[in-house]
$ cat target.txt   # compact mmCIF, C-alpha atoms
# COMPACT_ATOMS: atom_id res chain seq x y z
CA MET J 99 104.48 108.57 98.21
CA ILE J 100 101.93 106.75 100.36
CA TYR J 101 103.50 103.26 100.05
CA LEU J 102 106.90 104.44 101.20
CA GLU J 103 105.29 106.46 104.00
CA LEU J 104 103.36 103.40 105.20
CA PHE J 105 106.49 101.26 105.05
CA LEU J 106 108.67 103.74 106.92
CA THR J 107 106.06 104.56 109.56
CA PHE J 108 105.43 100.91 110.37
CA PHE J 109 109.17 100.20 110.26
CA LYS J 110 109.58 102.85 112.96
CA ILE J 111 106.72 101.34 114.96
CA GLY J 112 108.26 97.86 114.66
CA LEU J 113 111.69 99.10 115.65
CA PHE J 114 110.61 100.86 118.82
CA THR J 115 108.10 98.38 120.19
CA PHE J 116 109.40 96.06 122.84
CA GLY J 117 107.26 93.22 124.16
CA GLY J 118 104.79 93.22 121.26
CA GLY J 119 101.02 93.19 121.64
CA TYR J 120 99.52 96.16 123.43
CA ALA J 121 103.00 97.64 123.91
CA MET J 122 102.57 98.76 120.28
CA LEU J 123 99.44 100.70 121.04
CA PRO J 124 100.92 104.05 122.19
CA LEU J 125 103.22 104.33 119.19
CA ILE J 126 100.61 103.20 116.69
CA ARG J 127 98.14 105.67 118.17
CA GLU J 128 100.60 108.54 117.88
CA GLU J 129 101.69 107.77 114.32
CA VAL J 130 98.39 106.70 112.82
CA ILE J 131 96.44 109.66 114.16
CA LEU J 132 99.26 112.05 113.25
CA HIS J 133 99.14 110.83 109.65
CA GLY J 134 95.34 111.00 109.63
CA TRP J 135 95.09 107.32 108.65
CA ALA J 136 92.53 106.54 111.35
CA SER J 137 90.68 108.11 114.27
CA SER J 138 90.84 106.95 117.89
CA GLU J 139 87.52 105.14 117.42
CA ASP J 140 88.79 103.41 114.28
CA LEU J 141 91.85 102.30 116.19
CA ILE J 142 89.77 100.72 118.96
CA ASP J 143 87.67 98.96 116.32
CA PHE J 144 90.89 97.63 114.75
CA ILE J 145 91.96 96.30 118.15
CA ALA J 146 88.68 94.41 118.47
CA VAL J 147 89.08 92.94 114.98
CA SER J 148 92.67 92.02 115.72
CA GLU J 149 91.72 90.26 118.96
CA SER J 150 89.11 88.23 117.12
CA THR J 151 91.33 87.13 114.23
CA PRO J 152 94.42 84.92 114.32
CA GLY J 153 97.98 86.19 114.23
CA PRO J 154 100.09 88.75 116.04
CA PHE J 155 98.48 92.09 116.88
CA ALA J 156 101.22 94.11 115.17
CA VAL J 157 100.79 92.31 111.85
CA ASN J 158 97.00 92.56 112.00
CA ILE J 159 96.96 96.26 112.69
CA ALA J 160 99.61 97.04 110.06
CA THR J 161 97.70 95.06 107.45
CA PHE J 162 94.40 96.68 108.40
CA ILE J 163 95.64 100.27 108.34
CA GLY J 164 97.72 99.68 105.20
CA ARG J 165 94.69 98.19 103.43
CA SER J 166 92.26 100.92 104.44
CA THR J 167 94.76 103.65 103.51
CA ALA J 168 96.19 102.37 100.22
CA GLY J 169 94.62 99.05 99.23
CA ILE J 170 96.37 95.69 99.11
CA PRO J 171 99.77 97.11 98.08
CA GLY J 172 99.46 99.44 101.08
CA ALA J 173 98.72 96.47 103.33
CA PHE J 174 101.82 94.73 101.97
CA CYS J 175 104.09 97.75 102.56
CA ALA J 176 102.85 98.38 106.11
CA THR J 177 103.14 94.70 107.07
CA LEU J 178 106.62 94.37 105.57
CA GLY J 179 107.62 97.51 107.46
CA VAL J 180 106.41 96.28 110.85
CA VAL J 181 108.01 92.82 110.44
CA LEU J 182 111.39 93.82 109.03
CA PRO J 183 113.01 95.36 112.15
CA SER J 184 112.48 92.26 114.32
CA PHE J 185 113.55 90.02 111.42
CA ILE J 186 116.84 91.89 111.00
CA VAL J 187 117.54 92.22 114.72
CA ILE J 188 116.95 88.50 115.34
CA LEU J 189 119.23 87.52 112.45
CA ILE J 190 121.98 89.60 114.05
CA VAL J 191 121.31 88.53 117.63
CA SER J 192 120.91 84.80 116.91
CA LYS J 193 124.65 84.55 116.21
CA LEU J 194 125.81 86.07 119.47
CA TYR J 195 122.88 85.54 121.75
CA ASP J 196 124.78 84.45 124.83
CA LYS J 197 126.75 87.66 124.71
CA PHE J 198 123.61 89.65 124.00
CA MET J 199 121.61 88.21 126.89
CA LYS J 200 124.48 88.63 129.38
CA SER J 201 125.28 92.17 128.29
CA LYS J 202 124.85 94.63 131.16
CA LYS J 203 123.77 97.31 128.70
CA VAL J 204 120.94 95.18 127.32
CA GLN J 205 119.77 94.21 130.80
CA GLY J 206 119.97 97.79 131.99
CA ALA J 207 118.16 99.18 128.95
CA MET J 208 115.37 96.64 129.34
CA SER J 209 114.99 97.50 133.03
CA GLY J 210 114.20 101.04 131.85
CA VAL J 211 112.13 100.20 128.76
CA LYS J 212 109.70 97.85 130.53
CA PRO J 213 108.32 100.45 132.97
CA ALA J 214 108.23 103.03 130.14
CA VAL J 215 106.02 100.71 128.11
CA ILE J 216 103.64 100.27 131.06
CA GLY J 217 103.41 104.05 131.56
CA LEU J 218 102.77 104.54 127.84
CA ILE J 219 100.01 101.91 127.70
CA ALA J 220 98.37 103.48 130.76
CA ALA J 221 98.45 106.88 129.06
CA ALA J 222 97.00 105.42 125.85
CA LEU J 223 94.24 103.73 127.84
CA ILE J 224 93.31 107.02 129.51
CA SER J 225 93.13 108.98 126.26
CA LEU J 226 91.17 106.22 124.51
CA GLY J 227 88.83 106.06 127.51
CA LYS J 228 88.22 109.79 127.28
CA GLN J 229 87.26 109.35 123.62
CA VAL J 230 84.98 106.34 124.21
CA PHE J 231 83.18 107.49 127.35
CA PHE J 232 83.06 111.25 126.70
CA PRO J 233 83.06 111.76 122.93
CA ASP J 234 81.33 115.16 123.13
CA GLY J 235 82.94 116.69 126.20
CA TYR J 236 82.49 116.04 129.88
CA TYR J 237 78.83 115.56 130.46
CA VAL J 238 77.24 112.27 131.42
CA SER J 239 74.79 111.08 128.80
CA THR J 240 72.89 107.79 128.67
CA SER J 241 75.47 106.45 126.24
CA THR J 242 78.28 107.37 128.66
CA LEU J 243 76.58 105.47 131.48
CA ILE J 244 75.96 102.37 129.38
CA SER J 245 79.53 102.41 128.05
CA ILE J 246 80.86 102.52 131.59
CA ILE J 247 78.58 99.66 132.67
CA ILE J 248 79.75 97.51 129.73
CA PHE J 249 83.36 98.44 130.54
CA ILE J 250 83.05 97.40 134.20
CA ALA J 251 81.20 94.16 133.42
CA ILE J 252 83.72 93.10 130.78
CA ALA J 253 86.64 94.13 133.01
CA ILE J 254 85.37 91.86 135.80
CA LEU J 255 85.08 88.95 133.35
CA ALA J 256 88.50 89.75 131.84
CA PHE J 257 90.11 89.58 135.26
CA LYS J 258 88.45 86.19 135.70
CA LYS J 259 90.46 85.15 132.62
CA LYS J 260 87.52 84.60 130.30
CA ASN J 261 88.34 84.19 126.61
CA PRO J 262 88.85 87.63 124.96
CA ILE J 263 86.96 86.63 121.81
CA LEU J 264 83.95 85.69 123.92
CA LEU J 265 84.20 89.02 125.76
CA ILE J 266 84.26 90.96 122.48
CA ALA J 267 81.21 89.05 121.29
CA MET J 268 79.46 89.85 124.57
CA SER J 269 80.24 93.56 124.36
CA ALA J 270 79.02 93.64 120.74
CA PHE J 271 75.77 92.01 121.86
CA ALA J 272 75.41 94.46 124.77
CA GLY J 273 76.04 97.35 122.37
CA ILE J 274 73.34 96.15 119.96
CA VAL J 275 70.77 95.58 122.71
CA ALA J 276 71.45 98.90 124.45
CA GLY J 277 71.64 100.75 121.14
CA TYR J 278 68.17 99.66 120.01
CA ALA J 279 66.63 99.79 123.51
CA PHE J 280 67.67 103.39 124.14
CA GLY J 281 67.66 104.56 120.52
CA LEU J 282 71.20 105.92 120.82
CA MET B 287 126.80 62.96 94.09
CA ARG B 288 123.76 61.13 95.24
CA THR B 289 124.11 62.18 98.89
CA ARG B 290 124.59 65.79 97.85
CA GLU B 291 121.41 65.70 95.85
CA LEU B 292 119.63 64.09 98.75
CA SER B 293 120.80 66.72 101.20
CA ARG B 294 119.82 69.46 98.80
CA LEU B 295 116.39 67.89 98.53
CA ARG B 296 116.17 67.73 102.30
CA MET B 297 117.13 71.39 102.62
CA ARG B 298 114.40 72.34 100.19
CA SER B 299 111.78 70.26 101.97
CA SER B 300 112.83 71.69 105.34
CA LYS B 301 112.08 75.16 103.99
CA ALA B 302 108.63 74.16 102.81
CA ASP B 303 108.15 72.50 106.18
CA LEU B 304 109.17 75.69 108.01
CA PHE B 305 106.75 77.72 105.93
CA LEU B 306 103.82 75.34 106.44
CA THR B 307 104.43 74.78 110.15
CA PHE B 308 104.62 78.48 110.91
CA ALA B 309 101.60 79.18 108.69
CA LYS B 310 99.72 76.72 110.88
CA ILE B 311 100.98 78.45 114.03
CA GLY B 312 99.97 81.85 112.61
CA LEU B 313 96.54 80.56 111.62
CA PHE B 314 95.60 79.03 114.94
CA THR B 315 96.79 81.63 117.41
CA PHE B 316 94.38 84.28 118.51
CA GLY B 317 95.58 87.28 120.46
CA GLY B 318 99.21 86.79 119.44
CA GLY B 319 102.17 87.08 121.76
CA TYR B 320 102.37 84.56 124.54
CA ALA B 321 99.27 82.78 123.30
CA MET B 322 101.52 81.44 120.53
CA LEU B 323 104.07 79.80 122.80
CA PRO B 324 102.25 76.54 123.55
CA LEU B 325 101.71 75.93 119.84
CA ILE B 326 105.31 76.78 118.95
CA GLU B 327 106.42 74.44 121.72
CA LYS B 328 104.29 71.59 120.41
CA GLU B 329 105.32 72.03 116.76
CA ALA B 330 108.94 73.18 116.88
CA VAL B 331 110.09 71.37 120.04
CA ASP B 332 107.99 68.20 120.32
CA ASN B 333 107.03 67.37 116.73
CA LYS B 334 109.83 68.67 114.51
CA LYS B 335 112.60 68.83 117.11
CA TRP B 336 113.96 72.01 115.49
CA ILE B 337 114.93 73.48 118.85
CA THR B 338 115.13 72.23 122.45
CA GLU B 339 112.94 73.34 125.33
CA SER B 340 115.72 75.48 126.79
CA GLU B 341 116.39 77.09 123.42
CA LEU B 342 112.73 78.07 123.28
CA LEU B 343 113.11 79.79 126.64
CA ASP B 344 116.11 81.64 125.19
CA VAL B 345 113.97 82.71 122.24
CA VAL B 346 111.38 84.12 124.65
CA ALA B 347 114.06 85.99 126.61
CA ILE B 348 115.52 87.39 123.39
CA ALA B 349 112.08 88.33 122.10
CA GLU B 350 111.45 90.30 125.27
CA SER B 351 114.67 92.28 124.84
CA THR B 352 114.39 92.96 121.11
CA PRO B 353 111.83 94.99 119.23
CA GLY B 354 108.85 93.45 117.49
CA PRO B 355 106.19 90.86 118.14
CA ILE B 356 107.26 87.63 119.82
CA ALA B 357 105.76 85.49 117.03
CA ILE B 358 107.98 87.14 114.41
CA ASN B 359 111.04 86.91 116.65
CA ALA B 360 110.48 83.20 117.31
CA ALA B 361 109.78 82.37 113.65
CA THR B 362 112.89 84.20 112.45
CA PHE B 363 115.08 82.61 115.13
CA ILE B 364 113.92 79.03 114.52
CA GLY B 365 113.91 79.47 110.72
CA LYS B 366 117.47 80.79 110.77
CA LYS B 367 118.64 77.89 112.91
CA VAL B 368 117.02 75.20 110.74
CA GLY B 369 117.50 76.63 107.25
CA GLY B 370 119.78 79.68 107.36
CA PHE B 371 118.66 82.99 105.89
CA ALA B 372 116.20 81.37 103.45
CA GLY B 373 114.77 79.35 106.34
CA ALA B 374 114.26 82.55 108.33
CA VAL B 375 112.43 84.10 105.38
CA CYS B 376 110.19 81.02 104.96
CA ALA B 377 109.26 80.75 108.64
CA THR B 378 108.59 84.48 109.03
CA THR B 379 106.52 84.66 105.84
CA GLY B 380 104.61 81.62 107.03
CA VAL B 381 103.68 83.10 110.39
CA VAL B 382 102.60 86.43 108.84
CA LEU B 383 100.67 85.23 105.78
CA PRO B 384 97.49 83.84 107.43
CA SER B 385 96.74 87.02 109.36
CA PHE B 386 97.59 89.13 106.32
CA VAL B 387 95.08 87.30 104.14
CA ILE B 388 92.39 87.17 106.82
CA ILE B 389 92.70 90.86 107.74
CA VAL B 390 92.55 91.97 104.11
CA ALA B 391 89.34 89.95 103.73
CA VAL B 392 87.89 91.29 107.00
CA SER B 393 88.67 94.90 106.06
CA PHE B 394 86.69 94.59 102.81
CA PHE B 395 83.84 93.00 104.73
CA LEU B 396 83.80 95.77 107.34
CA GLU B 397 83.87 98.48 104.69
CA ALA B 398 80.79 96.97 103.10
CA PHE B 399 78.80 96.68 106.33
CA GLN B 400 80.02 99.39 108.68
CA HIS B 401 77.26 101.85 107.74
CA LEU B 402 74.56 99.48 109.04
CA THR B 403 73.01 100.57 112.33
CA ILE B 404 73.40 97.14 113.92
CA ILE B 405 77.14 97.07 113.12
CA LYS B 406 77.53 100.60 114.48
CA TYR B 407 75.88 99.58 117.76
CA ALA B 408 78.00 96.43 117.94
CA PHE B 409 81.21 98.41 117.60
CA TRP B 410 80.00 100.97 120.08
CA GLY B 411 79.67 98.18 122.65
CA ILE B 412 82.92 96.58 121.55
CA ARG B 413 84.89 99.78 122.20
CA ALA B 414 84.03 99.71 125.90
CA GLY B 415 84.87 96.00 126.01
CA VAL B 416 88.24 96.48 124.33
CA LEU B 417 89.18 99.13 126.89
CA ALA B 418 88.52 96.51 129.57
CA LEU B 419 90.80 94.04 127.75
CA ILE B 420 93.57 96.64 127.58
CA LEU B 421 93.14 97.33 131.29
CA LYS B 422 93.55 93.61 131.99
CA ALA B 423 96.70 93.41 129.81
CA LEU B 424 98.10 96.48 131.54
CA TRP B 425 97.50 94.91 134.96
CA SER B 426 99.27 91.67 133.95
CA LEU B 427 102.29 93.63 132.72
CA PHE B 428 102.32 95.68 135.92
CA GLN B 429 102.27 92.56 138.07
CA LYS B 430 105.20 91.07 136.16
CA SER B 431 107.35 94.20 136.47
CA SER B 432 110.00 94.55 139.15
CA LYS B 433 108.93 96.21 142.38
CA ASP B 434 111.35 99.03 143.05
CA ILE B 435 111.16 102.80 143.26
CA LEU B 436 112.97 103.45 139.97
CA THR B 437 110.53 101.23 138.07
CA TYR B 438 107.50 103.02 139.53
CA LEU B 439 109.13 106.39 138.89
CA LEU B 440 109.80 105.59 135.22
CA MET B 441 106.21 104.37 134.78
CA ALA B 442 104.84 107.61 136.24
CA VAL B 443 107.23 109.86 134.29
CA SER B 444 106.43 108.10 130.98
CA GLY B 445 102.68 108.27 131.52
CA VAL B 446 102.67 111.91 132.58
CA ALA B 447 105.08 112.97 129.81
CA VAL B 448 102.89 111.57 127.04
CA LEU B 449 99.54 112.46 128.61
CA PHE B 450 100.18 116.04 129.71
CA PHE B 451 103.20 117.17 127.71
CA ASN B 452 102.66 115.27 124.44
CA VAL B 453 106.21 113.93 124.42
CA ASN B 454 106.92 111.49 121.59
CA ALA B 455 106.77 107.83 122.68
CA ILE B 456 110.10 107.00 121.00
CA ILE B 457 111.87 109.74 122.96
CA ILE B 458 110.38 108.41 126.21
CA ILE B 459 111.48 104.83 125.43
CA ALA B 460 115.00 105.95 124.51
CA PHE B 461 115.24 108.14 127.63
CA CYS B 462 114.11 105.33 129.95
CA ALA B 463 116.55 102.91 128.29
CA VAL B 464 119.41 105.29 129.06
CA VAL B 465 118.23 105.77 132.66
CA GLY B 466 118.06 101.97 132.97
CA ILE B 467 121.61 101.49 131.68
CA VAL B 468 122.99 104.14 134.05
CA ALA B 469 121.06 102.79 137.05
CA PHE B 470 122.12 99.23 136.25
CA SER B 471 125.83 100.10 136.08
CA VAL B 472 125.66 102.23 139.24
CA ARG B 473 123.95 99.40 141.11
CA GLY B 474 126.46 96.88 139.73
CA ASN B 475 129.45 98.96 140.85
CA ARG B 476 128.09 99.38 144.33
CA LYS B 477 127.96 95.62 144.86
$ encode --input "target.txt" --output "structure tokens"
Amino acid sequence: MIYLELFLTFFKIGLFTFGGGYAMLPLIREEVILHGWASSEDLIDFIAVSESTPGPFAVNIATFIGRSTAGIPGAFCATLGVVLPSFIVILIVSKLYDKFMKSKKVQGAMSGVKPAVIGLIAAALISLGKQVFFPDGYYVSTSTLISIIIFIAIAILAFKKKNPILLIAMSAFAGIVAGYAFGL
Amino acid sequence: MRTRELSRLRMRSSKADLFLTFAKIGLFTFGGGYAMLPLIEKEAVDNKKWITESELLDVVAIAESTPGPIAINAATFIGKKVGGFAGAVCATTGVVLPSFVIIVAVSFFLEAFQHLTIIKYAFWGIRAGVLALILKALWSLFQKSSKDILTYLLMAVSGVAVLFFNVNAIIIIAFCAVVGIVAFSVRGNRK
């Protein structure tokens, strides 16, 4: 049943994502593409939408994929699934949080999980990049070149701490201009 | 009798207050995560005095060591403290609801317009831009991480394992957690 599948999949994603935000990306990518709920391109589009709308990334993406897969009930199940693990864990931890924070096991586990998350995001970035820049194999087309130029320009602005919403608007504008100019 | 009724009334209003305050926080934070902290600080610490400044720092520390988005973690924690289990439900529902409603609306809108050439071009440009945003986020995380050989090794192993050997992300996270626990206890014993 699709509703249960959405709930359980996003429960799993919520349970194994530490740090929130882009840390969710590798797991979401794996699960969502595995289930055939979205393609890599769809996923990047979702990220753009999520950056430009309020609320936490995890909730946005769960709602979006749930909605596009199984309507509003699907959105509800996916969102409930992604929220529930942190809700339950915090209810448990809030009672004994001194003990939790001082626990050597928790500190040790986090010292391993944090670098793992960075490695996973880097890997996700590389595979998404492959899809965006070289959608039809490794040859350099006009669209590849323009994509790379947009990427570099936006990266420079991003490192100058410009507002992400502004940067998304700028890349949309660049895409429209280049698209019509070169008839891509 | 009267005081009991009053306190019950206050409990009920505190739950509505939790819901509305966190709905406001959810509605006005773009990008999620740490972008939410200043708003939570203003509302929950300064205005409502639900938690103290140092408790908020604890919430952040806990959020970093528990699964899930920081906004959900903070809402659940503060809601629980102010209004028990029902308070946790109200605050968490509040922080989630605005994005839920907005995203459902946006997804219908996109479905209606995504076949247009201009929208296709826009998203084509956006994809390259989003990759740049991810790169920036990755760099910030990398800068914040500890600078020792084990950390770098785990980063490399995780990246290579998923990229070249298709290892499941959950297995990698669990494996690195175990390595971290072992390394931490070994280092602790040596001191």
$ closest_residue --input "target.txt" --among "J:Cys175, J:Ala279, J:Leu102, J:Ile274" --to "chain B" --atoms "only C-alpha atoms"
J:Ile274
$ residues_around --input "target.txt" --residues "Val416 (chain B)" --least-positions-apart "6" --cutoff "9 Å" --atoms "all atoms listed in the file" --output "list in words"
Ile142, Asp143, Ile145, Ala146, Glu149, Phe249, Ile252, Pro262, Leu265, Ile266 and Ser269 of chain J
$ closest_residue --input "target.txt" --among "J:Pro154, J:Gly206, J:Gly281, J:Gly273" --to "Val181 (chain J)" --atoms "all atoms listed in the file"
J:Pro154
$ atom_distance --input "target.txt" --atom1 "CA of Gly354 (chain B)" --atom2 "CA of Leu113 (chain J)"
6.6 Å
$ residues_around --input "target.txt" --residues "Tyr278 (chain J)" --least-positions-apart "2" --cutoff "12 Å" --atoms "only C-alpha atoms" --output "short mmCIF file (atom, residue, chain, number, x, y, z; two decimals) with C-alpha atoms, keeping the file's coordinate frame"
data_model
loop_
_atom_site.label_atom_id
_atom_site.label_comp_id
_atom_site.auth_asym_id
_atom_site.auth_seq_id
_atom_site.Cartn_x
_atom_site.Cartn_y
_atom_site.Cartn_z
CA SER J 241 75.47 106.45 126.24
CA PHE J 271 75.77 92.01 121.86
CA ALA J 272 75.41 94.46 124.77
CA GLY J 273 76.04 97.35 122.37
CA ILE J 274 73.34 96.15 119.96
CA VAL J 275 70.77 95.58 122.71
CA ALA J 276 71.45 98.90 124.45
CA PHE J 280 67.67 103.39 124.14
CA GLY J 281 67.66 104.56 120.52
CA LEU J 282 71.20 105.92 120.82
CA THR B 403 73.01 100.57 112.33
CA ILE B 404 73.40 97.14 113.92
CA ILE B 405 77.14 97.07 113.12
CA LYS B 406 77.53 100.60 114.48
CA TYR B 407 75.88 99.58 117.76
CA ALA B 408 78.00 96.43 117.94
CA TRP B 410 80.00 100.97 120.08
CA GLY B 411 79.67 98.18 122.65
#
$ atom_distance --input "target.txt" --atom1 "CA of Ala377 (chain B)" --atom2 "CA of Ile337 (chain B)"
13.8 Å
$ atom_distance --input "target.txt" --atom1 "CA of Gly134 (chain J)" --atom2 "CA of Val215 (chain J)"
23.7 Å
$ closest_residue --input "target.txt" --among "B:Phe371, B:Trp336, B:Phe470, B:Phe451" --to "chain J" --atoms "all atoms listed in the file"
B:Phe470
$ residues_around --input "target.txt" --residues "Ala309 (chain B)" --least-positions-apart "5" --cutoff "8 Å" --atoms "all atoms listed in the file" --output "PyMOL selection string"
chain B and resi 377+379-384
$ closest_residue --input "target.txt" --among "B:Met322, B:Ile457, B:Ile412, B:Ala447" --to "chain J" --atoms "all atoms listed in the file"
B:Ile412
$ residues_around --input "target.txt" --residues "Gly217 (chain J)" --least-positions-apart "2" --cutoff "7 Å" --atoms "only C-alpha atoms" --output "ChimeraX atom specification"
/J:213-215,219-221 /B:441-442,444-445
$ write_last_selection --input "target.txt" --atoms "C-alpha atoms" --output "PDB file, keeping the file's coordinate frame"
ATOM      1  CA  PRO J 213     108.320 100.450 132.970  1.00  0.00           C
ATOM      2  CA  ALA J 214     108.230 103.030 130.140  1.00  0.00           C
ATOM      3  CA  VAL J 215     106.020 100.710 128.110  1.00  0.00           C
ATOM      4  CA  ILE J 219     100.010 101.910 127.700  1.00  0.00           C
ATOM      5  CA  ALA J 220      98.370 103.480 130.760  1.00  0.00           C
ATOM      6  CA  ALA J 221      98.450 106.880 129.060  1.00  0.00           C
TER       7      ALA J 221
ATOM      8  CA  MET B 441     106.210 104.370 134.780  1.00  0.00           C
ATOM      9  CA  ALA B 442     104.840 107.610 136.240  1.00  0.00           C
ATOM     10  CA  SER B 444     106.430 108.100 130.980  1.00  0.00           C
ATOM     11  CA  GLY B 445     102.680 108.270 131.520  1.00  0.00           C
TER      12      GLY B 445
END
$ residues_near_point --input "target.txt" --point "(98.5, 105.1, 123.2)" --cutoff "7 Å" --atoms "all atoms listed in the file" --output "list in words"
Leu123, Pro124, Leu125, Arg127, Glu128, Leu218, Ile219, Ala221, Ala222 and Leu223 of chain J
$ residues_around --input "target.txt" --residues "Ile254 (chain J)" --least-positions-apart "2" --cutoff "12 Å" --atoms "all atoms listed in the file" --output "list in words"
Ile247, Ile248, Phe249, Ile250, Ala251, Ile252, Ala256, Phe257, Lys258, Lys259, Lys260 and Leu265 of chain J; Gly415, Ala418, Leu419, Leu421 and Lys422 of chain B
$ closest_residue --input "target.txt" --among "J:Ala173, J:Val238, J:Leu106, J:Leu243" --to "chain B" --atoms "only C-alpha atoms"
J:Ala173
$ residues_near_point --input "target.txt" --point "(116.4, 98.9, 129.6)" --cutoff "9 Å" --atoms "all atoms listed in the file" --output "JSON list (two decimals) with C-alpha atoms, in the frame of the given file"
[["chain", "number", "residue", "atom", "x", "y", "z"],
["J", 203, "LYS", "CA", 123.77, 97.31, 128.70],
["J", 204, "VAL", "CA", 120.94, 95.18, 127.32],
["J", 205, "GLN", "CA", 119.77, 94.21, 130.80],
["J", 206, "GLY", "CA", 119.97, 97.79, 131.99],
["J", 207, "ALA", "CA", 118.16, 99.18, 128.95],
["J", 208, "MET", "CA", 115.37, 96.64, 129.34],
["J", 209, "SER", "CA", 114.99, 97.50, 133.03],
["J", 210, "GLY", "CA", 114.20, 101.04, 131.85],
["J", 211, "VAL", "CA", 112.13, 100.20, 128.76],
["J", 212, "LYS", "CA", 109.70, 97.85, 130.53],
["J", 213, "PRO", "CA", 108.32, 100.45, 132.97],
["B", 351, "SER", "CA", 114.67, 92.28, 124.84],
["B", 459, "ILE", "CA", 111.48, 104.83, 125.43],
["B", 460, "ALA", "CA", 115.00, 105.95, 124.51],
["B", 462, "CYS", "CA", 114.11, 105.33, 129.95],
["B", 463, "ALA", "CA", 116.55, 102.91, 128.29],
["B", 464, "VAL", "CA", 119.41, 105.29, 129.06],
["B", 465, "VAL", "CA", 118.23, 105.77, 132.66],
["B", 466, "GLY", "CA", 118.06, 101.97, 132.97],
["B", 467, "ILE", "CA", 121.61, 101.49, 131.68],
["B", 470, "PHE", "CA", 122.12, 99.23, 136.25]]
$ build_atoms --input "target.txt" --residues "region 265-280 of chain J" --atoms "N, CA and C atoms" --output "PDB file, in the frame of the given file"
ATOM      1  N   LEU J 265      84.504  87.722 125.148  1.00  0.00           N
ATOM      2  CA  LEU J 265      84.200  89.020 125.760  1.00  0.00           C
ATOM      3  C   LEU J 265      83.864  90.067 124.695  1.00  0.00           C
ATOM      4  N   ILE J 266      84.565  90.015 123.562  1.00  0.00           N
ATOM      5  CA  ILE J 266      84.260  90.960 122.480  1.00  0.00           C
ATOM      6  C   ILE J 266      82.872  90.686 121.924  1.00  0.00           C
ATOM      7  N   ALA J 267      82.550  89.402 121.773  1.00  0.00           N
ATOM      8  CA  ALA J 267      81.210  89.050 121.290  1.00  0.00           C
ATOM      9  C   ALA J 267      80.150  89.546 122.269  1.00  0.00           C
ATOM     10  N   MET J 268      80.418  89.388 123.564  1.00  0.00           N
ATOM     11  CA  MET J 268      79.460  89.850 124.570  1.00  0.00           C
ATOM     12  C   MET J 268      79.281  91.364 124.530  1.00  0.00           C
ATOM     13  N   SER J 269      80.391  92.103 124.379  1.00  0.00           N
ATOM     14  CA  SER J 269      80.240  93.560 124.360  1.00  0.00           C
ATOM     15  C   SER J 269      79.534  94.019 123.083  1.00  0.00           C
ATOM     16  N   ALA J 270      79.749  93.299 121.970  1.00  0.00           N
ATOM     17  CA  ALA J 270      79.020  93.640 120.740  1.00  0.00           C
ATOM     18  C   ALA J 270      77.524  93.440 120.958  1.00  0.00           C
ATOM     19  N   PHE J 271      77.175  92.318 121.585  1.00  0.00           N
ATOM     20  CA  PHE J 271      75.770  92.010 121.860  1.00  0.00           C
ATOM     21  C   PHE J 271      75.161  93.083 122.776  1.00  0.00           C
ATOM     22  N   ALA J 272      75.894  93.435 123.843  1.00  0.00           N
ATOM     23  CA  ALA J 272      75.410  94.460 124.770  1.00  0.00           C
ATOM     24  C   ALA J 272      75.213  95.781 124.041  1.00  0.00           C
ATOM     25  N   GLY J 273      76.142  96.112 123.138  1.00  0.00           N
ATOM     26  CA  GLY J 273      76.040  97.350 122.370  1.00  0.00           C
ATOM     27  C   GLY J 273      74.798  97.369 121.504  1.00  0.00           C
ATOM     28  N   ILE J 274      74.509  96.238 120.845  1.00  0.00           N
ATOM     29  CA  ILE J 274      73.340  96.150 119.960  1.00  0.00           C
ATOM     30  C   ILE J 274      72.050  96.291 120.776  1.00  0.00           C
ATOM     31  N   VAL J 275      71.982  95.535 121.870  1.00  0.00           N
ATOM     32  CA  VAL J 275      70.770  95.580 122.710  1.00  0.00           C
ATOM     33  C   VAL J 275      70.537  96.987 123.255  1.00  0.00           C
ATOM     34  N   ALA J 276      71.587  97.574 123.849  1.00  0.00           N
ATOM     35  CA  ALA J 276      71.450  98.900 124.450  1.00  0.00           C
ATOM     36  C   ALA J 276      71.163  99.943 123.377  1.00  0.00           C
ATOM     37  N   GLY J 277      71.817  99.792 122.225  1.00  0.00           N
ATOM     38  CA  GLY J 277      71.640 100.750 121.140  1.00  0.00           C
ATOM     39  C   GLY J 277      70.193 100.837 120.691  1.00  0.00           C
ATOM     40  N   TYR J 278      69.568  99.669 120.452  1.00  0.00           N
ATOM     41  CA  TYR J 278      68.170  99.660 120.010  1.00  0.00           C
ATOM     42  C   TYR J 278      67.219 100.034 121.149  1.00  0.00           C
ATOM     43  N   ALA J 279      67.522  99.557 122.373  1.00  0.00           N
ATOM     44  CA  ALA J 279      66.630  99.790 123.510  1.00  0.00           C
ATOM     45  C   ALA J 279      66.521 101.283 123.836  1.00  0.00           C
ATOM     46  N   PHE J 280      67.671 101.976 123.759  1.00  0.00           N
ATOM     47  CA  PHE J 280      67.670 103.390 124.140  1.00  0.00           C
ATOM     48  C   PHE J 280      67.659 104.319 122.926  1.00  0.00           C
TER      49      PHE J 280
END
